[in-house]
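Student: Next up is a structure, given as structure tokens.
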Number of protein chains: 2
Amino acid sequence: MQEWKTFQKENEQRFLDELLELLRIPSISAKPENKADMMSCAELVKKRLEEAGAGKAEIHPTKGHPVVYGELITDPSKPTVLVYGHYDVQPVEPLELWHSGPFEPVIKDGKIFARGSADDKGQFYMHVKALETMVKTNSVPLNIKFLIEGEEEVGSENLGIFMEAHKDLLKADVVLISDTAMISLDTPSLDTGVRGLSYIEVEVTGPDRDLHSGVYGGAVANPITILAQMIASLHDENNHITIPGFYDDVKELSREERAKINQAPYDEEAYKKEQGVKALWGEKGYTTLERTGIRPTLELNGIWGGYQGEGSKTVLPSKAHAKISCRLVPGQDHHKITGLLTRHLEKITPDCVTLKVIVHHGGNPYVTPIDSVEYKAAEKAIEATFGKSPIPVRGGGSIPITTLFESILNCKTIFMGFGLDSDNLHSPNEKYNLENYYKGIETIPYFHKFYAELKK
Amino acid sequence: MQEWKTFQKENEQRFLDELLELLRIPSISAKPENKADMMSCAELVKKRLEEAGAGKAEIHPTKGHPVVYGELITDPSKPTVLVYGHYDVQPVEPLELWHSGPFEPVIKDGKIFARGSADDKGQFYMHVKALETMVKTNSVPLNIKFLIEGEEEVGSENLGIFMEAHKDLLKADVVLISDTAMISLDTPSLDTGVRGLSYIEVEVTGPDRDLHSGVYGGAVANPITILAQMIASLHDENNHITIPGFYDDVKELSREERAKINQAPYDEEAYKKEQGVKALWGEKGYTTLERTGIRPTLELNGIWGGYQGEGSKTVLPSKAHAKISCRLVPGQDHHKITGLLTRHLEKITPDCVTLKVIVHHGGNPYVTPIDSVEYKAAEKAIEATFGKSPIPVRGGGSIPITTLFESILNCKTIFMGFGLDSDNLHSPNEKYNLENYYKGIETIPYFHKFYAELKK
């Protein structure tokens with residue numbers, strides 16, 4: 001569609017400026033001190049949806065941060081696509097590792113550096129600009145709804161409640177999400193699944209107060225030592241997870257399916273170099289692509305206890321803490337895994353300490369069927385703008401709410417992500433390539449076009 | 001000496017008020033922001049030494065915090081006692097666990113609550129008041145020197161340099177220190193040894209930046225997991241330390257010596273209750289008194305890495321850190337142990353991460369011979385004011401500078417501590433019992449009297 005391209009070319013700078021304005025709002029959902037920023041951000045999203053041509057845009061308060069809803073209904077008899085995204089971002093610590101302010105976007109070497117540039121402001125905003133493109137060129141082929149939430153990075157706790165209460169409003173034929181990565185612009189890919197997540201926090205308490213390590217060390221259990229022993233025991237010498245029952249429900253893939261996954265381009269030396277490591281790590285018997293795509297994992301996201309300041313303090317601390325999360329694959333249920341993990345930790349806690357487990361958010365794994373109309377529409381859209389077919393890959397990340405779309409709205413989800421693995425998501429110096437941003441805006445209208453055609 | 005007692009009784013309130021003034025100064029040697037407080041504290045100590053009757057009192061700058069020196073030379077032909085103490089204190093975190101401000105001393109139930117009340121302001125200040133008692137009653141039986149440093153809690157790095165440069169000034173026959181605990185006022189005891197210390201910090205680096213745990217978890221080593229595995233491997237199932245060569249130089253005690261140590265009063269149920277634990281922990285084959293007195297230990301003093309804030313963040317962190325210290329017993333050398341520990345950690349570091357070791361301070365273990373004139377003087381002093389003989393015990397803590405007194409000044413050290421194990425040293429709500437403070441001031445002049453007599 002030459003018209004789309006022309007409109008987008010003419011408005012390129014404005015499309016970027018608007019994104020930068022969005023990126024300047026520190027919408028960190030995890031931090032109570034950013035509550036007002038969350039509201040400002042929701043308001044800006046609502047305003048931009050209206051300007052782009054959504055006939056209706058509204059802010060729905062929740063118990064947590066508000067949800068922004070928008071829609072353009074062209075003809076109720078046509079299919080409806082529900083675009084999902086999130087305007088909240090991850091915390092920015094450690095701040096000292098950022099080369100520029102996380103909320104002062106900088107364009108450098110064709111990349112937008114800012115927290116949220118790829119995850120997910122830069123990606124959901126492509127959909128707003130795609131809407132504008134179609135509206136301004138009078139070529140909206142179906143109905144489009146927008147559900148942009150503010151709690152994705154803290155577990156989307158209130159989204160399910162909102163969806164249950166607004167089933168009719170959200171009624172759609174398919175959910176479209178840009179919140180994942182593709183292999184590269186040269187090798188486009190579509191995620192055909194995301195892993196589930198089970199996230200807990202543990203607190204190990206030894207003595208009821210910090211003690212002098214010289215006076216009590218050796219006789220009173222050190223909670224850091226015990227916690228380290230517990231963590232160490234969660235993987236065996238082959239890096240298999242040792243929690244009884246953990247793998248019971250994992251749907252093992254056939255030899256053929258595994259071979260297909262391993263066809264994706266992968267260069268071990270380049271991968272190691274990119275992460276700055278001399279050697280890789282992982283479950284014996286599986287490749288890197290399998291370890292990050294089709295196998296469940298157990299990761300330590302944080303640990304703390306005792307003295308962490310400068311120099312030395314000879315303390316035997318009262319408490320040690322850790323944040324532990326598991327990525328889950330099809331077959332596994334996050335409630336069941338959280339239970340297994342919790343009970344296993346309780347079982348291996350020795351008498352000399354006490355354990356407290358706090359359950360954070362979770363979500364189930366999800367797989368998109370690649371023979372569906374919606375997958376084919378996405379495939380054709382990529383072909384139209386990239387000139388080649390996308391490779392289907394199983395993503396390692398988690399978007400737990402996809403199972404909600406299935407259960408509450410009875411909708412399949414398409415992951416049409418335009419990010420790259422190198423975008424430093426959740427890390428300092430998060431970035432999003434300008435080229436990927438514009439390519440996304442270019443590709444999205446084709447999805448709607450092909451989906452409308454195929455769905456007929 | 002009725003005169004001493006009368007003078008002390010009359011000045012009781014002032015003795016306490018002066019200590020409280022000293023406790024109000026936040027002389028935390030580890031924190032750069034308290035540098036000025038360190039100087040104010042040194043100046044107050046100097047002033048009080050002069051007022052107490054020291055003929056000379058001076059502040060000596062060092063590369064770090066200043067040393068306060070004072071002396072009263074009554075007759076160069078008489079023996080000289082060098083009193084050592086430290087005016088610096090430990091950091092106060094976690095602040096939220098204090099019931100009152102760490103530098104706003106509160107008297108409650110006969111106890112002085114404040115950082116430094118027992119370690120060591122309250123204890124070294126007893127010596128200043130003991131000096132005053134003898135001076136004001138014209139009964140100073142020998143020469144007394146004071147060496148009050150400001151870097152004990154950060155490893156006394158500059159004290160050795162100062163001592164080497166001022167050997168003549170510091171020349172003495174014995175060193176007297178009150179910086180340890182006794183069993184109780186009902187069961188007085190004298191420490192006959194302190195353990196040595198080897199203190200290091202480790203940094204384990206995985207990827208060169210924080211990564212998304214969903215995208216890279218399972219394929220790139222998590223430095224927290226690896227650090228936990230390394231820490232866990234440092235003790236075996238019997239809680240013996242696994243570092244090769246660690247126990248090689250430990251002087252094993254005879255069955256008789258061990259029996260003697262186990263004669264000290266010890267009630268396991270009371271001990272567990274006091275620490276708030278359901279079960280004890282420690283090296284198989286040894287009792288609690290042995291584990292904390294005559295056996296070397298390895299403790300984790302701190303650990304940190306990844307996300308430690310509220311809620312959940314799915315990060316695979318770049319780095320994990322830990323502070324590790326070993327308590328050493330006679331025979332062990334802290335340089336050697338630090339080397340063994342460092343090399344062992346290097347050896348067990350897998351290829352998928354890199355290790356950096358930072359060496360903090362260390363010191364060698366020290367034992368006082370109980371058949372010496374100085375020990376007998378201390379024993380007689382305790383008998384004079386407590387009405388019973390002290391039990392000799394081996395303390396678990398470390399005062400690394402005692403080996404400096406032996407090597408540089410050729411002096412033995414007497415540990416005449418009046419603290420209690422329950423004083424919360426290095427912990428929130430550090431306290432020192434008023435009764436112990438006054439009993440110390442009462443007892444110390446007797447040490448000088450008996451030492452002068454026995455030394456003749």
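Every chain in the structure tokens takes a letter, A first, then B, and so on in the order presented; its residues are numbered from 1, and the ligands are numbered from 1 following the presented order.
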At a cut-off of 10 Å, using only C-alpha atoms, what residues contact A:Gly53? Leave out same-chain residues fewer than 4 positions from it and give the result as an NGL selection string.
Tutor: :A and (48-49 or 57 or 70-72 or 128-129 or 131-136)
Student: Store the residues picked out above in a file with all heavy atoms, as an mmCIF file, in the first residue's frame.
Tutor:
data_model
loop_
_atom_site.group_PDB
_atom_site.id
_atom_site.type_symbol
_atom_site.label_atom_id
_atom_site.label_comp_id
_atom_site.auth_asym_id
_atom_site.auth_seq_id
_atom_site.Cartn_x
_atom_site.Cartn_y
_atom_site.Cartn_z
ATOM 1 N N ARG A 48 -3.383 10.164 22.894
ATOM 2 C CA ARG A 48 -2.794 9.775 21.615
ATOM 3 C C ARG A 48 -3.709 8.813 20.846
ATOM 4 O O ARG A 48 -3.745 8.829 19.617
ATOM 5 C CB ARG A 48 -1.423 9.137 21.827
ATOM 6 C CG ARG A 48 -0.372 10.093 22.369
ATOM 7 C CD ARG A 48 0.048 11.126 21.343
ATOM 8 N NE ARG A 48 1.060 11.999 21.886
ATOM 9 C CZ ARG A 48 1.063 13.316 21.791
ATOM 10 N NH1 ARG A 48 0.069 13.947 21.161
ATOM 11 N NH2 ARG A 48 2.040 14.022 22.314
ATOM 12 N N LEU A 49 -4.428 7.958 21.575
ATOM 13 C CA LEU A 49 -5.363 7.042 20.917
ATOM 14 C C LEU A 49 -6.475 7.843 20.242
ATOM 15 O O LEU A 49 -6.844 7.580 19.090
ATOM 16 C CB LEU A 49 -5.967 6.063 21.940
ATOM 17 C CG LEU A 49 -5.111 4.841 22.277
ATOM 18 C CD1 LEU A 49 -5.676 4.107 23.487
ATOM 19 C CD2 LEU A 49 -5.031 3.874 21.080
ATOM 20 N N ALA A 57 -11.904 6.418 23.713
ATOM 21 C CA ALA A 57 -10.707 6.096 24.508
ATOM 22 C C ALA A 57 -10.999 6.479 25.938
ATOM 23 O O ALA A 57 -11.535 7.560 26.204
ATOM 24 C CB ALA A 57 -9.495 6.850 23.976
ATOM 25 N N GLY A 70 -9.206 1.667 24.292
ATOM 26 C CA GLY A 70 -9.571 2.481 23.136
ATOM 27 C C GLY A 70 -10.167 1.582 22.064
ATOM 28 O O GLY A 70 -9.905 0.370 22.039
ATOM 29 N N GLU A 71 -10.978 2.153 21.173
ATOM 30 C CA GLU A 71 -11.535 1.311 20.111
ATOM 31 C C GLU A 71 -11.897 2.152 18.884
ATOM 32 O O GLU A 71 -12.150 3.349 18.972
ATOM 33 C CB GLU A 71 -12.779 0.554 20.595
ATOM 34 C CG GLU A 71 -13.926 1.474 20.991
ATOM 35 C CD GLU A 71 -15.209 0.725 21.345
ATOM 36 O OE1 GLU A 71 -15.133 -0.383 21.889
ATOM 37 O OE2 GLU A 71 -16.293 1.280 21.061
ATOM 38 N N LEU A 72 -11.842 1.478 17.751
ATOM 39 C CA LEU A 72 -12.388 2.060 16.526
ATOM 40 C C LEU A 72 -13.235 0.967 15.881
ATOM 41 O O LEU A 72 -12.710 -0.031 15.371
ATOM 42 C CB LEU A 72 -11.269 2.498 15.560
ATOM 43 C CG LEU A 72 -11.798 3.011 14.220
ATOM 44 C CD1 LEU A 72 -12.695 4.241 14.402
ATOM 45 C CD2 LEU A 72 -10.660 3.332 13.266
ATOM 46 N N VAL A 128 -0.468 2.297 17.738
ATOM 47 C CA VAL A 128 -1.220 3.548 17.724
ATOM 48 C C VAL A 128 -0.947 4.275 16.399
ATOM 49 O O VAL A 128 -1.855 4.797 15.760
ATOM 50 C CB VAL A 128 -0.837 4.426 18.945
ATOM 51 C CG1 VAL A 128 -1.668 5.709 18.965
ATOM 52 C CG2 VAL A 128 -1.016 3.642 20.252
ATOM 53 N N LYS A 129 0.316 4.263 15.982
ATOM 54 C CA LYS A 129 0.678 4.923 14.728
ATOM 55 C C LYS A 129 0.180 4.132 13.509
ATOM 56 O O LYS A 129 -0.113 4.724 12.459
ATOM 57 C CB LYS A 129 2.187 5.144 14.675
ATOM 58 C CG LYS A 129 2.718 6.121 15.728
ATOM 59 C CD LYS A 129 2.093 7.529 15.629
ATOM 60 C CE LYS A 129 0.965 7.769 16.621
ATOM 61 N NZ LYS A 129 0.369 9.115 16.520
ATOM 62 N N LEU A 131 -2.653 2.499 13.540
ATOM 63 C CA LEU A 131 -4.066 2.904 13.504
ATOM 64 C C LEU A 131 -4.205 4.235 12.777
ATOM 65 O O LEU A 131 -5.029 4.391 11.858
ATOM 66 C CB LEU A 131 -4.619 3.015 14.931
ATOM 67 C CG LEU A 131 -6.047 3.595 15.043
ATOM 68 C CD1 LEU A 131 -7.074 2.594 14.509
ATOM 69 C CD2 LEU A 131 -6.392 3.975 16.484
ATOM 70 N N GLU A 132 -3.378 5.201 13.187
ATOM 71 C CA GLU A 132 -3.435 6.533 12.582
ATOM 72 C C GLU A 132 -3.238 6.439 11.065
ATOM 73 O O GLU A 132 -3.954 7.081 10.284
ATOM 74 C CB GLU A 132 -2.371 7.440 13.207
ATOM 75 C CG GLU A 132 -2.475 8.871 12.694
ATOM 76 C CD GLU A 132 -1.341 9.776 13.184
ATOM 77 O OE1 GLU A 132 -0.890 9.616 14.340
ATOM 78 O OE2 GLU A 132 -0.907 10.637 12.398
ATOM 79 N N THR A 133 -2.266 5.627 10.665
ATOM 80 C CA THR A 133 -1.973 5.451 9.238
ATOM 81 C C THR A 133 -3.220 4.985 8.472
ATOM 82 O O THR A 133 -3.575 5.539 7.433
ATOM 83 C CB THR A 133 -0.856 4.403 9.065
ATOM 84 O OG1 THR A 133 0.289 4.847 9.776
ATOM 85 C CG2 THR A 133 -0.505 4.211 7.597
ATOM 86 N N MET A 134 -3.885 3.982 9.028
ATOM 87 C CA MET A 134 -5.063 3.436 8.350
ATOM 88 C C MET A 134 -6.231 4.420 8.367
ATOM 89 O O MET A 134 -6.950 4.565 7.373
ATOM 90 C CB MET A 134 -5.470 2.101 8.984
ATOM 91 C CG MET A 134 -4.431 1.001 8.760
ATOM 92 S SD MET A 134 -4.929 -0.602 9.452
ATOM 93 C CE MET A 134 -4.681 -0.321 11.186
ATOM 94 N N VAL A 135 -6.397 5.091 9.516
ATOM 95 C CA VAL A 135 -7.502 6.057 9.623
ATOM 96 C C VAL A 135 -7.298 7.196 8.637
ATOM 97 O O VAL A 135 -8.204 7.566 7.876
ATOM 98 C CB VAL A 135 -7.623 6.590 11.075
ATOM 99 C CG1 VAL A 135 -8.588 7.785 11.143
ATOM 100 C CG2 VAL A 135 -8.087 5.472 12.015
ATOM 101 N N LYS A 136 -6.093 7.763 8.613
ATOM 102 C CA LYS A 136 -5.828 8.931 7.767
ATOM 103 C C LYS A 136 -5.846 8.590 6.277
ATOM 104 O O LYS A 136 -5.994 9.479 5.438
ATOM 105 C CB LYS A 136 -4.482 9.576 8.147
ATOM 106 C CG LYS A 136 -4.440 10.124 9.566
ATOM 107 C CD LYS A 136 -5.314 11.375 9.777
ATOM 108 C CE LYS A 136 -5.623 11.669 11.235
ATOM 109 N NZ LYS A 136 -4.457 12.073 12.040
#
Student: Applying 7 Å and only C-alpha atoms, which residues near B:Lys78 remain after dropping the ones on its own chain fewer than 2 positions away? List them as a ChimeraX atom specification.
Tutor: /B:75-76,80,142-143
Student: With only C-alpha atoms counted and 10 Å as the cut-off, give the residues of stretch 111-222 of chain B in contact with stretch 370-385 of chain B, each with its shortest interatomic distance in Å and the pair that gives it, as JSON lines.
Tutor:
{"residue": "B:Asp173", "atom": "CA", "partner": "B:Glu374", "partner_atom": "CA", "distance": 9.2}
{"residue": "B:Val174", "atom": "CA", "partner": "B:Glu374", "partner_atom": "CA", "distance": 7.2}
{"residue": "B:Val175", "atom": "CA", "partner": "B:Glu374", "partner_atom": "CA", "distance": 9.1}
{"residue": "B:Leu176", "atom": "CA", "partner": "B:Glu374", "partner_atom": "CA", "distance": 9.1}
{"residue": "B:Pro188", "atom": "CA", "partner": "B:Ile382", "partner_atom": "CA", "distance": 7.5}
{"residue": "B:Ser189", "atom": "CA", "partner": "B:Ile382", "partner_atom": "CA", "distance": 8.5}
{"residue": "B:Leu190", "atom": "CA", "partner": "B:Glu379", "partner_atom": "CA", "distance": 7.8}
{"residue": "B:Asp191", "atom": "CA", "partner": "B:Ile370", "partner_atom": "CA", "distance": 10.0}
{"residue": "B:Thr192", "atom": "CA", "partner": "B:Ile370", "partner_atom": "CA", "distance": 7.2}
Student: Using only C-alpha atoms, which protein or nucleic acid residues come within 9 Å of B:Ser398? Drop anything in the same chain fewer than 4 positions from it, and give the result as a ChimeraX atom specification.
Tutor: /A:214 /B:193-197,327-328,363-366
Student: Keeping only N, CA and C atoms, take the residues you just selected and write them out as a PDB file, in the first residue's frame.
Tutor:
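Done, and the output landed in out36.pdb:
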ATOM      1  N   GLY A 214      32.112 -13.491  65.640  1.00  0.00           N
ATOM      2  CA  GLY A 214      33.195 -14.109  66.401  1.00  0.00           C
ATOM      3  C   GLY A 214      32.681 -14.809  67.637  1.00  0.00           C
TER       4      GLY A 214
ATOM      5  N   GLY B 193      42.548 -15.870  75.357  1.00  0.00           N
ATOM      6  CA  GLY B 193      42.956 -15.868  73.956  1.00  0.00           C
ATOM      7  C   GLY B 193      41.850 -15.278  73.112  1.00  0.00           C
ATOM      8  N   VAL B 194      42.214 -14.815  71.955  1.00  0.00           N
ATOM      9  CA  VAL B 194      41.216 -14.372  70.983  1.00  0.00           C
ATOM     10  C   VAL B 194      41.548 -15.068  69.677  1.00  0.00           C
ATOM     11  N   ARG B 195      40.521 -15.231  68.840  1.00  0.00           N
ATOM     12  CA  ARG B 195      40.757 -15.893  67.555  1.00  0.00           C
ATOM     13  C   ARG B 195      41.299 -14.894  66.531  1.00  0.00           C
ATOM     14  N   GLY B 196      41.967 -15.407  65.558  1.00  0.00           N
ATOM     15  CA  GLY B 196      42.438 -14.559  64.465  1.00  0.00           C
ATOM     16  C   GLY B 196      41.322 -14.369  63.459  1.00  0.00           C
ATOM     17  N   LEU B 197      41.583 -13.572  62.433  1.00  0.00           N
ATOM     18  CA  LEU B 197      40.553 -13.251  61.453  1.00  0.00           C
ATOM     19  C   LEU B 197      41.150 -13.135  60.052  1.00  0.00           C
ATOM     20  N   ARG B 327      37.360 -17.216  61.320  1.00  0.00           N
ATOM     21  CA  ARG B 327      37.983 -17.013  62.627  1.00  0.00           C
ATOM     22  C   ARG B 327      39.075 -18.062  62.752  1.00  0.00           C
ATOM     23  N   LEU B 328      40.226 -17.659  63.202  1.00  0.00           N
ATOM     24  CA  LEU B 328      41.381 -18.551  63.229  1.00  0.00           C
ATOM     25  C   LEU B 328      41.811 -18.843  64.656  1.00  0.00           C
ATOM     26  N   GLY B 363      44.081 -10.840  60.969  1.00  0.00           N
ATOM     27  CA  GLY B 363      44.911 -10.788  62.171  1.00  0.00           C
ATOM     28  C   GLY B 363      45.105 -12.198  62.683  1.00  0.00           C
ATOM     29  N   ASN B 364      46.173 -12.395  63.431  1.00  0.00           N
ATOM     30  CA  ASN B 364      46.448 -13.742  63.925  1.00  0.00           C
ATOM     31  C   ASN B 364      45.816 -14.000  65.286  1.00  0.00           C
ATOM     32  N   PRO B 365      45.569 -15.254  65.577  1.00  0.00           N
ATOM     33  CA  PRO B 365      45.046 -15.612  66.903  1.00  0.00           C
ATOM     34  C   PRO B 365      46.103 -15.349  67.983  1.00  0.00           C
ATOM     35  N   TYR B 366      45.666 -15.279  69.214  1.00  0.00           N
ATOM     36  CA  TYR B 366      46.584 -14.946  70.298  1.00  0.00           C
ATOM     37  C   TYR B 366      46.147 -15.660  71.574  1.00  0.00           C
TER      38      TYR B 366
END
Student: Have a look at B:Tyr286, B:Phe405, B:Tyr125, B:Phe146 and name the one nearest to chain A; count only C-alpha atoms.
Tutor: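 The answer is B:Tyr286, which sits nearest to chain A.
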Student: Applying 12 Å and only C-alpha atoms, which residues near B:Val45 remain after dropping the ones on its own chain fewer than 4 positions away? List them as a PyMOL selection string.
Tutor: chain B and resi 18-19+21-23+25+27+38-41+49-52+54+57-59+66-70+85-88+121+124-125+127-129+146-150
Student: Within 9 Å of stretch 61-64 of chain B, counting only C-alpha atoms, which residues show up once you throw out same-chain ones fewer than 3 positions away? Write them as a VMD selection string, please.
Tutor: chain B and resid 29 67 to 68 150 to 151 157 to 159 161 to 162
Student: Could you please take those selected residues and save N, CA and C atoms as a PDB file, in the first residue's frame?
Tutor:
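Now in again07.pdb:
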ATOM      1  N   SER B  29      33.905   4.385  61.958  1.00  0.00           N
ATOM      2  CA  SER B  29      35.147   4.488  61.173  1.00  0.00           C
ATOM      3  C   SER B  29      34.969   4.038  59.729  1.00  0.00           C
ATOM      4  N   VAL B  67      45.006   8.500  66.084  1.00  0.00           N
ATOM      5  CA  VAL B  67      45.258   7.726  67.293  1.00  0.00           C
ATOM      6  C   VAL B  67      45.348   8.729  68.442  1.00  0.00           C
ATOM      7  N   VAL B  68      44.736   8.395  69.588  1.00  0.00           N
ATOM      8  CA  VAL B  68      44.898   9.239  70.771  1.00  0.00           C
ATOM      9  C   VAL B  68      45.905   8.557  71.703  1.00  0.00           C
ATOM     10  N   GLY B 150      41.306   4.640  66.353  1.00  0.00           N
ATOM     11  CA  GLY B 150      40.022   4.922  65.696  1.00  0.00           C
ATOM     12  C   GLY B 150      39.757   4.024  64.503  1.00  0.00           C
ATOM     13  N   GLU B 151      40.473   2.907  64.428  1.00  0.00           N
ATOM     14  CA  GLU B 151      40.282   2.060  63.240  1.00  0.00           C
ATOM     15  C   GLU B 151      40.149   0.583  63.579  1.00  0.00           C
ATOM     16  N   GLU B 157      44.368  -0.795  60.207  1.00  0.00           N
ATOM     17  CA  GLU B 157      45.406  -0.802  59.177  1.00  0.00           C
ATOM     18  C   GLU B 157      46.593   0.101  59.474  1.00  0.00           C
ATOM     19  N   ASN B 158      46.318   1.261  60.086  1.00  0.00           N
ATOM     20  CA  ASN B 158      47.396   2.222  60.303  1.00  0.00           C
ATOM     21  C   ASN B 158      48.040   2.114  61.674  1.00  0.00           C
ATOM     22  N   LEU B 159      47.507   1.232  62.526  1.00  0.00           N
ATOM     23  CA  LEU B 159      48.028   1.167  63.887  1.00  0.00           C
ATOM     24  C   LEU B 159      49.443   0.583  63.912  1.00  0.00           C
ATOM     25  N   ILE B 161      51.710   0.763  61.623  1.00  0.00           N
ATOM     26  CA  ILE B 161      52.634   1.794  61.122  1.00  0.00           C
ATOM     27  C   ILE B 161      52.926   2.796  62.237  1.00  0.00           C
ATOM     28  N   PHE B 162      51.859   3.204  62.935  1.00  0.00           N
ATOM     29  CA  PHE B 162      52.024   4.151  64.042  1.00  0.00           C
ATOM     30  C   PHE B 162      52.915   3.555  65.127  1.00  0.00           C
TER      31      PHE B 162
END
Student: Need to verify the contact set: A:Thr205, 10 Å, only C-alpha atoms, exclusion of same-chain residues closer than 3 positions in sequence. Can you return it as a ChimeraX atom specification?
Tutor: /A:202,208-209,221-224,226-227,317-321,352-356 /B:276-277
Student: Rank B:Val140, B:Val393, B:Val220, B:Val215 by their smallest atom-to-atom distance to B:Glu290, using only C-alpha atoms, and report the top residue only.
Tutor: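 The closest residue to B:Glu290 is B:Val393.
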Student: With only C-alpha atoms as the basis for distance, which of A:Ala118, A:Phe7, A:Gly160, A:Val367 is at the shortest distance from A:Gly293?
Tutor: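 Of the candidates, the smallest distance to A:Gly293 is held by A:Val367.
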Student: Work out how far apart atom CA of A:Gly217 and atom CA of B:Leu298 are and give it in Å to one decimal.
Tutor: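 Distance reported for this atom pair: 7.8 Å.
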Student: Using Å and a single decimal, report how far atom CA of B:Pro428 sits from atom CA of B:His99.
Tutor: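 Between these atoms lies a distance of 8.2 Å.
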Student: Quote the spacing between atom CA of A:Lys35 and atom CA of A:Pro94 in Å to one decimal place.
Tutor: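 Separating atom CA of A:Lys35 from atom CA of A:Pro94 is a distance of 20.6 Å.
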Student: At a cut-off of 12 Å, using only C-alpha atoms, what residues contact B:Ala259? Leave out same-chain residues fewer than 3 positions from it and give the result as number ranges by chain.
Tutor: B: 253-256, 262-264, 286-287, 289-290
Student: Store the residues picked out above, limited to C-alpha atoms, as a compact mmCIF listing (two decimals), in the first residue's frame.
Tutor:
# COMPACT_ATOMS: atom_id res chain seq x y z
CA LEU B 253 43.95 -29.38 72.24
CA SER B 254 44.44 -32.33 74.56
CA ARG B 255 41.50 -34.20 76.05
CA GLU B 256 42.27 -32.48 79.38
CA ASN B 262 33.74 -27.49 78.85
CA GLN B 263 33.66 -26.81 82.58
CA ALA B 264 32.46 -23.25 81.91
CA TYR B 286 32.72 -30.37 69.08
CA THR B 287 30.61 -28.68 71.75
CA LEU B 289 31.96 -23.83 73.79
CA GLU B 290 34.60 -25.48 71.62
